[in-house]
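Source file: start_29.cif. Holds: mmCIF, C-alpha atoms and all ligand atoms.
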```
data_final
loop_
_atom_site.label_atom_id
_atom_site.label_comp_id
_atom_site.auth_asym_id
_atom_site.auth_seq_id
_atom_site.Cartn_x
_atom_site.Cartn_y
_atom_site.Cartn_z
CA MET B 1102 -102.29 10.68 322.20
CA ARG B 1103 -99.95 8.15 323.73
CA PHE B 1104 -97.62 5.93 321.72
CA ARG B 1105 -94.07 4.73 322.10
CA THR B 1106 -91.21 6.32 320.20
CA LEU B 1107 -87.63 5.30 319.44
CA ASP B 1108 -86.74 6.70 322.87
CA ASP B 1109 -88.90 4.17 324.72
CA ILE B 1110 -87.52 0.86 323.44
CA ASP B 1111 -84.01 -0.54 323.83
CA LEU B 1112 -82.54 -0.81 320.33
CA ALA B 1113 -78.93 -1.72 321.08
CA GLY B 1114 -77.77 -4.65 318.95
CA ARG B 1115 -81.31 -5.26 317.71
CA ARG B 1116 -82.77 -5.50 314.23
CA VAL B 1117 -85.25 -2.64 313.90
CA LEU B 1118 -87.85 -3.41 311.25
CA VAL B 1119 -88.85 0.03 309.95
CA ARG B 1120 -92.01 0.46 307.85
CA VAL B 1121 -91.24 3.40 305.59
CA ASP B 1122 -92.95 4.87 302.55
CA LEU B 1123 -90.58 4.58 299.61
CA ASN B 1124 -93.44 4.74 297.13
CA VAL B 1125 -91.70 7.63 295.36
CA PRO B 1126 -92.23 8.78 291.78
CA VAL B 1127 -89.92 6.97 289.33
CA GLU B 1128 -89.47 7.73 285.63
CA ASN B 1129 -87.37 5.46 283.42
CA GLY B 1130 -85.94 3.78 286.50
CA VAL B 1131 -84.88 7.05 288.13
CA VAL B 1132 -86.44 8.58 291.25
CA THR B 1133 -87.73 12.04 290.30
CA ASP B 1134 -88.75 13.31 293.75
CA THR B 1135 -86.77 12.35 296.85
CA THR B 1136 -88.90 14.20 299.43
CA ARG B 1137 -90.18 11.00 301.03
CA ILE B 1138 -86.68 9.51 301.21
CA ALA B 1139 -85.28 12.61 302.88
CA ARG B 1140 -88.02 12.50 305.50
CA ILE B 1141 -87.03 9.07 306.88
CA LEU B 1142 -83.40 10.05 307.50
CA PRO B 1143 -83.92 11.27 311.10
CA THR B 1144 -85.36 7.86 312.01
CA LEU B 1145 -82.46 5.96 310.43
CA ARG B 1146 -79.95 8.27 312.13
CA ASP B 1147 -81.54 7.83 315.56
CA ILE B 1148 -81.87 4.04 315.26
CA GLU B 1149 -78.18 3.80 314.40
CA ALA B 1150 -77.22 6.23 317.16
CA LYS B 1151 -78.95 3.87 319.61
CA GLY B 1152 -77.07 0.87 318.24
CA GLY B 1153 -79.94 -0.61 316.22
CA MET B 1154 -79.73 -2.07 312.72
CA PRO B 1155 -82.44 -0.74 310.38
CA VAL B 1156 -84.29 -3.23 308.16
CA LEU B 1157 -86.48 -1.24 305.76
CA LEU B 1158 -89.89 -2.43 304.65
CA SER B 1159 -92.00 -0.52 302.11
CA HIS B 1160 -94.65 -0.90 299.45
CA PHE B 1161 -94.11 0.38 295.92
CA GLY B 1162 -96.81 0.71 293.28
CA ARG B 1163 -99.67 -1.77 293.03
CA PRO B 1164 -98.29 -5.19 292.07
CA LYS B 1165 -101.28 -6.83 293.82
CA GLY B 1166 -99.49 -9.78 295.36
CA GLN B 1167 -97.37 -10.58 292.29
CA GLU B 1168 -93.61 -10.24 291.90
CA VAL B 1169 -93.59 -7.58 289.20
CA PRO B 1170 -89.96 -6.69 288.30
CA ALA B 1171 -90.97 -3.18 287.20
CA MET B 1172 -92.14 -2.56 290.77
CA SER B 1173 -89.01 -3.78 292.50
CA LEU B 1174 -87.64 -1.50 295.21
CA ALA B 1175 -84.21 -2.09 293.66
CA GLN B 1176 -84.82 0.99 291.53
CA VAL B 1177 -85.16 3.16 294.64
CA LEU B 1178 -81.86 1.90 296.08
CA PRO B 1179 -79.53 4.42 294.34
CA ALA B 1180 -81.57 7.40 295.56
CA LEU B 1181 -81.77 5.90 299.04
CA GLN B 1182 -77.99 5.37 299.17
CA GLU B 1183 -77.39 8.91 298.00
CA ALA B 1184 -79.67 10.28 300.72
CA VAL B 1185 -78.11 8.13 303.44
CA GLY B 1186 -74.62 8.94 302.15
CA ARG B 1187 -73.29 5.39 302.09
CA PRO B 1188 -74.10 1.93 300.72
CA VAL B 1189 -77.39 0.30 301.71
CA ALA B 1190 -77.76 -3.46 301.22
CA PHE B 1191 -80.70 -4.75 299.20
CA CYS B 1192 -82.34 -8.14 299.67
CA PRO B 1193 -84.07 -9.24 296.45
CA GLU B 1194 -85.26 -12.50 298.06
CA THR B 1195 -88.91 -12.91 298.98
CA ASP B 1196 -88.68 -16.34 300.57
CA PRO B 1197 -89.36 -15.54 304.26
CA GLU B 1198 -86.67 -17.92 305.58
CA ALA B 1199 -84.05 -16.48 303.23
CA VAL B 1200 -84.97 -12.94 304.23
CA ARG B 1201 -84.80 -13.92 307.89
CA ALA B 1202 -81.30 -15.38 307.42
CA ARG B 1203 -80.21 -12.16 305.70
CA THR B 1204 -81.50 -10.00 308.59
CA LEU B 1205 -79.82 -12.24 311.19
CA ALA B 1206 -76.48 -11.72 309.42
CA LEU B 1207 -76.74 -7.92 309.73
CA LYS B 1208 -73.88 -6.15 311.48
CA PRO B 1209 -73.90 -2.79 313.27
CA GLY B 1210 -73.51 0.03 310.74
CA GLU B 1211 -75.45 -1.81 308.05
CA ILE B 1212 -78.85 -0.88 306.65
CA LEU B 1213 -80.90 -3.44 304.76
CA LEU B 1214 -83.68 -2.65 302.28
CA LEU B 1215 -86.18 -5.46 301.69
CA GLU B 1216 -88.29 -6.09 298.58
CA ASN B 1217 -91.76 -4.58 297.96
CA THR B 1218 -94.27 -5.66 300.66
CA ARG B 1219 -97.02 -5.80 298.03
CA PHE B 1220 -95.21 -8.65 296.23
CA TYR B 1221 -96.72 -10.82 299.00
CA PRO B 1222 -100.37 -11.81 298.44
CA GLY B 1223 -101.05 -11.53 302.20
CA GLU B 1224 -99.94 -7.91 302.59
CA GLU B 1225 -103.14 -6.09 301.69
CA LYS B 1226 -105.26 -8.74 303.45
CA ASN B 1227 -103.32 -8.30 306.71
CA ASP B 1228 -102.68 -12.05 306.62
CA PRO B 1229 -101.51 -13.25 310.08
CA ALA B 1230 -99.01 -15.75 308.61
CA LEU B 1231 -97.34 -13.00 306.59
CA ALA B 1232 -97.33 -10.72 309.63
CA ARG B 1233 -95.48 -13.49 311.52
CA SER B 1234 -92.93 -13.73 308.69
CA PHE B 1235 -92.40 -9.96 308.77
CA ALA B 1236 -92.04 -10.13 312.56
CA SER B 1237 -89.30 -12.75 312.22
CA TRP B 1238 -87.19 -10.22 310.29
CA GLY B 1239 -86.80 -7.82 313.21
CA ASP B 1240 -86.64 -7.64 317.00
CA VAL B 1241 -88.47 -4.31 317.21
CA PHE B 1242 -91.01 -2.72 314.84
CA CYS B 1243 -90.93 0.98 314.04
CA ASN B 1244 -93.63 2.54 311.87
CA ASP B 1245 -92.42 5.66 310.08
CA ALA B 1246 -94.98 5.60 307.27
CA PHE B 1247 -97.85 7.83 308.41
CA SER B 1248 -98.81 8.14 304.73
CA ALA B 1249 -99.69 4.42 304.71
CA ALA B 1250 -101.27 4.33 308.19
CA HIS B 1251 -104.83 4.38 306.80
CA ARG B 1252 -104.24 0.88 305.38
CA ALA B 1253 -104.83 -2.18 307.58
CA HIS B 1254 -102.03 -4.16 305.93
CA ALA B 1255 -99.74 -6.84 307.37
CA SER B 1256 -96.65 -4.59 307.31
CA ILE B 1257 -98.56 -1.83 309.11
CA VAL B 1258 -100.99 -3.49 311.52
CA GLY B 1259 -100.31 -7.25 311.75
CA VAL B 1260 -96.59 -6.98 312.45
CA ALA B 1261 -97.17 -4.21 315.02
CA GLN B 1262 -99.34 -6.60 317.03
CA ILE B 1263 -96.50 -9.11 317.31
CA LEU B 1264 -93.30 -7.12 317.89
CA PRO B 1265 -92.70 -4.33 320.41
CA ALA B 1266 -93.82 -1.37 318.28
CA CYS B 1267 -93.06 2.33 318.22
CA ALA B 1268 -93.45 5.40 316.01
CA GLY B 1269 -90.52 6.67 313.96
CA ARG B 1270 -89.57 10.36 313.90
CA LEU B 1271 -91.64 11.26 310.83
CA MET B 1272 -94.69 9.45 312.22
CA GLU B 1273 -94.14 11.25 315.51
CA ALA B 1274 -93.94 14.64 313.79
CA GLU B 1275 -97.11 13.98 311.77
CA LEU B 1276 -99.06 12.86 314.83
CA ARG B 1277 -97.90 15.77 316.98
CA ALA B 1278 -98.76 18.26 314.22
CA LEU B 1279 -102.21 16.79 313.67
CA GLU B 1280 -102.84 16.68 317.41
CA ALA B 1281 -101.90 20.35 317.73
CA ALA B 1282 -104.18 21.20 314.82
CA LEU B 1283 -107.30 19.22 315.55
CA GLU B 1284 -107.28 17.32 318.85
CA ASP B 1285 -106.25 20.08 321.20
CA PRO B 1286 -105.81 23.26 319.14
CA ALA B 1287 -105.24 26.79 320.33
CA ARG B 1288 -108.41 28.68 319.37
CA PRO B 1289 -109.83 30.24 317.33
CA LEU B 1290 -109.29 27.38 314.91
CA VAL B 1291 -109.88 28.16 311.24
CA ALA B 1292 -109.92 25.64 308.40
CA VAL B 1293 -109.65 26.20 304.68
CA VAL B 1294 -111.29 23.58 302.50
CA GLY B 1295 -110.86 24.17 298.81
CA GLY B 1296 -110.21 22.14 295.71
CA ALA B 1297 -112.36 20.96 292.92
CA LYS B 1298 -115.38 19.10 294.22
CA VAL B 1299 -117.66 18.90 297.25
CA SER B 1300 -118.37 15.23 296.50
CA THR B 1301 -114.78 14.18 297.33
CA LYS B 1302 -114.78 16.10 300.62
CA LEU B 1303 -118.17 15.51 302.22
CA ALA B 1304 -116.82 13.51 305.17
CA LEU B 1305 -114.09 16.07 305.69
CA LEU B 1306 -116.52 19.00 305.73
CA GLY B 1307 -118.82 17.11 308.10
CA ASN B 1308 -116.04 16.46 310.61
CA LEU B 1309 -114.48 19.93 310.43
CA ILE B 1310 -117.78 21.70 311.00
CA GLY B 1311 -117.99 20.09 314.44
CA ARG B 1312 -114.44 21.11 315.36
CA VAL B 1313 -113.48 24.45 313.84
CA ASP B 1314 -114.63 27.95 314.72
CA ARG B 1315 -114.51 29.21 311.14
CA LEU B 1316 -114.50 27.35 307.87
CA VAL B 1317 -113.30 29.01 304.67
CA ILE B 1318 -114.80 27.28 301.66
CA GLY B 1319 -112.89 27.96 298.45
CA GLY B 1320 -112.03 26.60 295.03
CA GLY B 1321 -114.51 24.90 292.77
CA MET B 1322 -116.43 23.51 295.72
CA ALA B 1323 -117.45 27.02 296.79
CA ASN B 1324 -119.41 27.25 293.53
CA THR B 1325 -121.64 24.38 294.62
CA PHE B 1326 -122.41 26.20 297.89
CA LEU B 1327 -123.09 29.48 296.07
CA ALA B 1328 -125.37 27.77 293.54
CA ALA B 1329 -127.22 26.10 296.41
CA GLN B 1330 -127.97 29.60 297.72
CA GLY B 1331 -129.46 30.52 294.36
CA VAL B 1332 -126.42 32.35 292.95
CA ASP B 1333 -125.81 32.04 289.20
CA VAL B 1334 -122.28 30.68 288.75
CA GLY B 1335 -122.32 30.69 284.94
CA ARG B 1336 -120.22 27.93 283.39
CA SER B 1337 -118.18 27.33 286.57
CA LEU B 1338 -117.32 23.88 287.80
CA CYS B 1339 -120.34 23.12 290.01
CA GLU B 1340 -122.08 20.03 291.34
CA HIS B 1341 -125.70 21.15 290.99
CA ASP B 1342 -126.94 17.75 292.14
CA LEU B 1343 -125.35 18.40 295.54
CA ALA B 1344 -127.39 21.54 296.27
CA ASP B 1345 -129.40 19.83 299.03
CA THR B 1346 -126.23 18.45 300.60
CA ALA B 1347 -124.60 21.88 300.52
CA ARG B 1348 -127.67 23.46 302.17
CA GLU B 1349 -127.60 20.75 304.83
CA ILE B 1350 -123.91 21.45 305.55
CA MET B 1351 -124.69 25.16 305.87
CA ALA B 1352 -127.54 24.42 308.30
CA GLN B 1353 -125.33 22.10 310.37
CA ALA B 1354 -122.59 24.73 310.51
CA ALA B 1355 -125.08 27.31 311.77
CA ALA B 1356 -126.40 24.88 314.40
CA ARG B 1357 -122.91 24.05 315.66
CA GLY B 1358 -121.64 27.61 315.80
CA CYS B 1359 -119.19 27.23 312.94
CA GLU B 1360 -118.97 30.35 310.81
CA LEU B 1361 -118.74 29.65 307.07
CA LEU B 1362 -116.79 32.00 304.84
CA LEU B 1363 -117.81 31.84 301.20
CA PRO B 1364 -116.26 33.99 298.45
CA VAL B 1365 -117.78 37.45 297.93
CA ASP B 1366 -116.02 38.06 294.63
CA ALA B 1367 -114.27 35.97 292.00
CA VAL B 1368 -111.79 35.98 289.15
CA VAL B 1369 -113.63 34.79 286.05
CA ALA B 1370 -112.59 33.93 282.50
CA GLU B 1371 -114.09 32.30 279.45
CA GLU B 1372 -111.67 29.41 279.58
CA LEU B 1373 -109.05 27.79 281.77
CA ARG B 1374 -105.80 28.46 279.94
CA PRO B 1375 -102.61 30.35 280.85
CA HIS B 1376 -103.08 34.12 280.87
CA ALA B 1377 -106.67 33.90 279.68
CA ARG B 1378 -108.41 37.28 279.74
CA ALA B 1379 -109.57 37.40 283.35
CA GLN B 1380 -111.73 39.87 285.24
CA VAL B 1381 -112.91 40.35 288.80
CA VAL B 1382 -116.64 40.32 289.48
CA ASP B 1383 -118.75 40.28 292.61
CA ILE B 1384 -120.52 37.04 293.42
CA GLY B 1385 -124.00 37.45 291.96
CA HIS B 1386 -122.58 39.08 288.81
CA VAL B 1387 -120.80 36.15 287.18
CA PRO B 1388 -121.43 36.41 283.41
CA ARG B 1389 -123.37 33.47 281.99
CA ASP B 1390 -120.58 32.40 279.60
CA MET B 1391 -117.75 32.61 282.12
CA MET B 1392 -116.21 30.42 284.81
CA ILE B 1393 -115.08 31.21 288.34
CA LEU B 1394 -111.42 30.17 288.43
CA ASP B 1395 -110.11 31.90 291.54
CA ALA B 1396 -111.24 33.84 294.60
CA GLY B 1397 -111.31 37.60 294.12
CA PRO B 1398 -109.31 40.22 296.07
CA ARG B 1399 -112.09 41.10 298.53
CA SER B 1400 -112.48 37.42 299.37
CA VAL B 1401 -108.74 37.17 299.94
CA VAL B 1402 -108.86 40.12 302.36
CA ALA B 1403 -111.65 38.37 304.30
CA ILE B 1404 -109.59 35.16 304.46
CA GLU B 1405 -106.51 37.08 305.61
CA ARG B 1406 -108.58 38.70 308.39
CA ALA B 1407 -109.81 35.26 309.46
CA PHE B 1408 -106.18 34.07 309.61
CA GLU B 1409 -105.18 37.13 311.66
CA ALA B 1410 -107.92 36.39 314.19
CA ALA B 1411 -107.03 32.69 314.40
CA ARG B 1412 -104.39 30.88 316.40
CA THR B 1413 -104.55 27.59 314.48
CA LEU B 1414 -105.07 26.92 310.77
CA VAL B 1415 -105.78 23.64 309.00
CA TRP B 1416 -105.68 23.83 305.20
CA ASN B 1417 -106.69 21.36 302.51
CA GLY B 1418 -107.48 22.34 298.95
CA PRO B 1419 -106.43 25.33 296.83
CA LEU B 1420 -108.65 28.43 296.50
CA GLY B 1421 -108.49 28.42 292.70
CA ALA B 1422 -107.21 26.59 289.63
CA PHE B 1423 -103.67 27.34 290.84
CA GLU B 1424 -101.90 25.26 288.16
CA VAL B 1425 -102.76 27.92 285.57
CA GLU B 1426 -101.67 31.55 285.93
CA PRO B 1427 -103.08 33.92 287.05
CA PHE B 1428 -105.55 31.68 288.91
CA ASN B 1429 -102.92 30.91 291.56
CA ALA B 1430 -103.16 34.47 292.95
CA ALA B 1431 -105.64 33.94 295.80
CA THR B 1432 -104.04 30.67 296.95
CA ASP B 1433 -100.59 32.28 296.91
CA ALA B 1434 -101.67 35.43 298.75
CA ALA B 1435 -103.51 33.52 301.47
CA ALA B 1436 -100.67 31.00 301.83
CA LEU B 1437 -98.05 33.72 302.16
CA LYS B 1438 -100.20 35.48 304.76
CA ALA B 1439 -100.45 32.25 306.78
CA ALA B 1440 -96.69 31.77 306.42
CA SER B 1441 -95.85 35.21 307.80
CA LEU B 1442 -98.29 34.87 310.71
CA THR B 1443 -96.65 31.51 311.45
CA GLU B 1444 -93.18 33.05 311.40
CA ALA B 1445 -94.38 35.80 313.71
CA GLY B 1446 -95.43 33.10 316.19
CA ARG B 1447 -99.09 34.08 315.90
CA LEU B 1448 -100.41 31.00 314.10
CA VAL B 1449 -99.92 27.23 314.07
CA SER B 1450 -100.42 26.27 310.42
CA VAL B 1451 -100.90 22.70 309.21
CA ALA B 1452 -101.60 21.79 305.59
CA GLY B 1453 -101.86 18.66 303.48
CA GLY B 1454 -103.31 17.09 300.34
CA GLY B 1455 -101.61 16.30 297.04
CA ASP B 1456 -102.55 19.47 295.17
CA THR B 1457 -102.39 21.62 298.30
CA VAL B 1458 -98.76 20.68 298.87
CA ALA B 1459 -97.98 21.40 295.21
CA ALA B 1460 -99.68 24.80 295.49
CA LEU B 1461 -97.87 25.71 298.72
CA ASN B 1462 -94.54 24.64 297.27
CA ARG B 1463 -95.15 26.72 294.19
CA SER B 1464 -95.93 29.84 296.23
CA GLY B 1465 -92.87 29.34 298.42
CA ALA B 1466 -95.06 29.22 301.55
CA ALA B 1467 -94.67 25.50 302.32
CA ALA B 1468 -91.37 25.70 304.19
CA ARG B 1469 -92.76 28.53 306.33
CA PHE B 1470 -95.83 26.63 307.56
CA SER B 1471 -95.66 24.89 310.95
CA TYR B 1472 -96.20 21.55 309.25
CA VAL B 1473 -96.95 20.33 305.75
CA SER B 1474 -98.03 16.71 305.59
CA THR B 1475 -96.78 14.63 302.68
CA ALA B 1476 -99.29 11.93 303.53
CA GLY B 1477 -102.13 12.58 301.05
CA GLY B 1478 -104.85 9.99 301.69
CA ALA B 1479 -103.94 9.35 305.33
CA PHE B 1480 -103.97 13.09 306.06
CA LEU B 1481 -107.43 13.43 304.50
CA GLU B 1482 -108.77 10.46 306.47
CA TRP B 1483 -107.45 12.03 309.64
CA LEU B 1484 -109.27 15.28 308.77
CA GLU B 1485 -112.38 13.20 308.23
CA GLY B 1486 -112.10 12.10 311.86
CA LYS B 1487 -111.37 8.47 311.01
CA THR B 1488 -109.20 6.25 313.17
CA LEU B 1489 -106.15 5.19 311.17
CA PRO B 1490 -105.46 1.47 311.80
CA GLY B 1491 -101.68 1.94 311.67
CA VAL B 1492 -101.87 4.65 314.35
CA ALA B 1493 -104.44 2.83 316.51
CA VAL B 1494 -102.17 -0.22 316.81
CA LEU B 1495 -99.30 1.98 318.02
CA MET B 1496 -101.53 3.58 320.64
CA GLN B 1497 -102.51 0.15 321.98
CA GLN B 1498 -98.88 -0.30 322.92
CA GLY B 1499 -98.55 3.26 324.21
P1 LIG F 1501 -105.99 18.22 297.29
O1 LIG F 1501 -105.29 17.30 296.32
O2 LIG F 1501 -105.02 19.16 297.94
O3 LIG F 1501 -106.85 17.49 298.28
P2 LIG F 1501 -108.14 18.72 295.41
O4 LIG F 1501 -107.67 17.56 294.60
O5 LIG F 1501 -109.41 18.59 296.14
O6 LIG F 1501 -106.98 19.18 296.43
O7 LIG F 1501 -108.33 19.99 294.48
C1 LIG F 1501 -107.33 20.50 293.64
C2 LIG F 1501 -107.87 20.90 292.30
O8 LIG F 1501 -108.95 21.82 292.39
C3 LIG F 1501 -106.81 21.59 291.47
O9 LIG F 1501 -106.54 20.80 290.32
C4 LIG F 1501 -107.43 22.92 291.09
O10 LIG F 1501 -107.16 23.32 289.75
C5 LIG F 1501 -108.90 22.64 291.25
N1 LIG F 1501 -109.69 23.87 291.42
C6 LIG F 1501 -109.65 24.74 292.44
N2 LIG F 1501 -110.50 25.75 292.22
C7 LIG F 1501 -111.10 25.53 291.05
C8 LIG F 1501 -112.09 26.23 290.26
N3 LIG F 1501 -112.63 27.37 290.69
N4 LIG F 1501 -112.46 25.69 289.09
C9 LIG F 1501 -111.91 24.54 288.67
N5 LIG F 1501 -111.00 23.83 289.34
C10 LIG F 1501 -110.59 24.32 290.52
MG MG F 1502 -105.99 16.31 294.55
#
```

Turn this file's structure into structure tokens for me.
Ligand code: ADP
Ligand code: MG
Amino acid sequence: MRFRTLDDIDLAGRRVLVRVDLNVPVENGVVTDTTRIARILPTLRDIEAKGGMPVLLSHFGRPKGQEVPAMSLAQVLPALQEAVGRPVAFCPETDPEAVRARTLALKPGEILLLENTRFYPGEEKNDPALARSFASWGDVFCNDAFSAAHRAHASIVGVAQILPACAGRLMEAELRALEAALEDPARPLVAVVGGAKVSTKLALLGNLIGRVDRLVIGGGMANTFLAAQGVDVGRSLCEHDLADTAREIMAQAAARGCELLLPVDAVVAEELRPHARAQVVDIGHVPRDMMILDAGPRSVVAIERAFEAARTLVWNGPLGAFEVEPFNAATDAAALKAASLTEAGRLVSVAGGGDTVAALNRSGAAARFSYVSTAGGAFLEWLEGKTLPGVAVLMQQG
């Protein structure tokens, strides 16, 4: 993968238009999770170290081309300033000429945050006129929003076709991690796909089967595979209408030499509530009135062995209903195993997905993985083998 980075373009004295993802959770006007803000700091630091002046561009919420005050980026400003450690200027104007004048008045040492890109009707349509306006607000474009790279929007694609464009540090880290995991991985390569439903992950399963040596199927979606093999899964979450699809995936895996690992035992309970009376049963012995809510201990041992034999791990989707104790046990045990193999230098571990990140954070394993993507949708599309428009446009300039 070839693309330019902040090291490849002269930034001295130039306005660097940086597409970031400041679409952070806000409650009552206060940012409740600053993870995404913290992750853009290396890019801001390096732009300033090279004499550039950062002009920040981000979407926030879904105002759909309207100026909705409740979705102003002004509310993210205090958290941004706290993270940066000094004042950041905010430009509430949305008239392109006024914004341009504001960016031209920037002095070294200043950082300017612009208003929500989705206030402009042309943003989500990748309107060329809007892309030209965006391009007039900077001398160089830097995309540091991998999490938005699956969107062909004006602030992601259009502007990158006009200005000299490069990847920011977070974008660079995401792309390098994904390359190490899927494009050119050390083998054996094992993937874990878990979570609730097969239907949301069909494309992902299809792509991974052609790339990985072993595929661990866990979570609720394993039930659909088990049922397709004629196993009674009781009252478990299960997409019975996808039995044919599941059988087809199993046949494809066999044809392509990808070994599937399905659970051999399960933790079952009558209902999904904290500390429900749970028991371990072998697959094939799930009581009619019970639900599979986590992988059992023998399944976990099999997963741990697969991790030990692997050199690269890609993980999306928890192995059980981890939000409710004790059904976090299998996810936690497997995650901690992957974390210690990573620390021992025996495994490259890459994980992503909204609930997956929450589960890995909860178990304490996240910080010990090689890379945990905060990208959500873009990460999943990458695992599906799709070309992300925001990445493709950077590679054209690589
Ligand atoms: P991600 O957001 O990481 O892509 P998903 O959204 O696909 O992951 O799946 C996460 C959800 O799957 C969690 O809410 C979890 O409770 C649920 N889940 C996992 N295993 C089971 C199960 N056996 N029964 C019901 N829900 C499950
Ligand atoms: Mg989810």

Option closest in space to ligand MG 1502 (chain F), from B:Gly1295, B:Gly1331, B:Gly1397, B:Gly1358 [counting all atoms listed in the file] = B:Gly1295

key: Pro1286 (chain B) environment, 9 Å, all atoms listed in the file, sequence neighbours closer than 4 positions dropped, as a list of chain:residue names   =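 So, after excluding close chain neighbours, the residues are B:Glu1280, B:Ala1281, B:Ala1282, B:Leu1290, B:Arg1412, B:Thr1413, B:Val1449.
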
Keeping C-alpha atoms, export the residues of the selection given above as a PDB file, in the frame of the given file.
```pdb
ATOM      1  CA  GLU B1280    -102.840  16.680 317.410  1.00  0.00           C
ATOM      2  CA  ALA B1281    -101.900  20.350 317.730  1.00  0.00           C
ATOM      3  CA  ALA B1282    -104.180  21.200 314.820  1.00  0.00           C
ATOM      4  CA  LEU B1290    -109.290  27.380 314.910  1.00  0.00           C
ATOM      5  CA  ARG B1412    -104.390  30.880 316.400  1.00  0.00           C
ATOM      6  CA  THR B1413    -104.550  27.590 314.480  1.00  0.00           C
ATOM      7  CA  VAL B1449     -99.920  27.230 314.070  1.00  0.00           C
TER       8      VAL B1449
END
```

task = Enumerate as a count of residues only the residues within 8 Å of ligand LIG 1501 (chain F), counting only C-alpha atoms and all ligand atoms.
result = 37

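Within 8 Å of region 1217-1230 of chain B there are Leu1158, Ser1159, His1160, Phe1161, Arg1163, Pro1164, Lys1165, Gly1166, Gln1167, Glu1168, Val1169, Met1172, Ser1173, Leu1174, Ser1234, Arg1252, Ala1253, His1254, Ala1255, Ser1256, Val1258 and Gly1259 of chain B, counting all atoms listed in the file and ignoring same-chain residues fewer than 4 positions away.
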
ask   = Of the residues B:Leu1442, B:Ala1460, B:Ile1350, B:Val1387, which is the one nearest to ligand MG 1502 (chain F), using all atoms listed in the file?
value =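 Smallest separation from ligand MG 1502 (chain F) among the options: B:Ala1460.
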
message = Around the point (-120.6, 31.5, 314.5) (coordinates from the file), which residues reach within 12 Å if we count all atoms listed in the file? Answer as a ChimeraX atom specification.
response = /B:1289,1291,1310-1311,1313-1316,1351-1362

ask   = Between B:Glu1482, B:Asp1111, B:Thr1204, B:Pro1398, which has the minimum distance to Ala1304 (chain B) (counting only C-alpha atoms)?
value = B:Glu1482

query = CA of Val1293 (chain B) and CA of Ser1464 (chain B), how far apart in Å?
reply =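 Separation between CA of Ser1464 (chain B) and CA of Val1293 (chain B): 16.5 Å.
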
task = Go ahead and compute the interatomic distance for CA of Ala1139 (chain B) and CA of Ala1184 (chain B), in Å to one decimal.
result = 6.4 Å

Counting only C-alpha atoms, which residues come within 9 Å of (-97.1, 9.0, 315.5), with the point read in the file's coordinates, and could you list them as a tab-separated table (two decimals) with C-alpha atoms, in the frame of the given file?
```tsv
chain	number	residue	atom	x	y	z
B	1102	MET	CA	-102.29	10.68	322.20
B	1103	ARG	CA	-99.95	8.15	323.73
B	1104	PHE	CA	-97.62	5.93	321.72
B	1105	ARG	CA	-94.07	4.73	322.10
B	1106	THR	CA	-91.21	6.32	320.20
B	1244	ASN	CA	-93.63	2.54	311.87
B	1245	ASP	CA	-92.42	5.66	310.08
B	1247	PHE	CA	-97.85	7.83	308.41
B	1267	CYS	CA	-93.06	2.33	318.22
B	1268	ALA	CA	-93.45	5.40	316.01
B	1269	GLY	CA	-90.52	6.67	313.96
B	1270	ARG	CA	-89.57	10.36	313.90
B	1271	LEU	CA	-91.64	11.26	310.83
B	1272	MET	CA	-94.69	9.45	312.22
B	1273	GLU	CA	-94.14	11.25	315.51
B	1274	ALA	CA	-93.94	14.64	313.79
B	1275	GLU	CA	-97.11	13.98	311.77
B	1276	LEU	CA	-99.06	12.86	314.83
B	1277	ARG	CA	-97.90	15.77	316.98
B	1492	VAL	CA	-101.87	4.65	314.35
B	1495	LEU	CA	-99.30	1.98	318.02
B	1496	MET	CA	-101.53	3.58	320.64
```

key: Distance of atom MG of ligand MG 1502 (chain F) from CA of Leu1157 (chain B), expressed in Å to one decimal place   =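 The value is 28.5 Å.
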
key: B:Ala1452, B:Ala1250, B:Pro1155, B:Phe1191 ranked by distance to Val1294 (chain B), top pick (using all atoms listed in the file)   = B:Ala1452

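Considering the residues B:Leu1231, B:Val1332, B:Val1402, B:Ala1476 and counting only C-alpha atoms, Arg1389 (chain B) has its shortest atom-to-atom contact with B:Val1332.
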
inquiry  = Using all atoms listed in the file for the distances, tell me which of B:Ala1190, B:Ala1367, B:Ala1246, B:Leu1437 is nearest to Ser1474 (chain B).
reply    =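 Closest residue, counting all atoms listed in the file: B:Ala1246.
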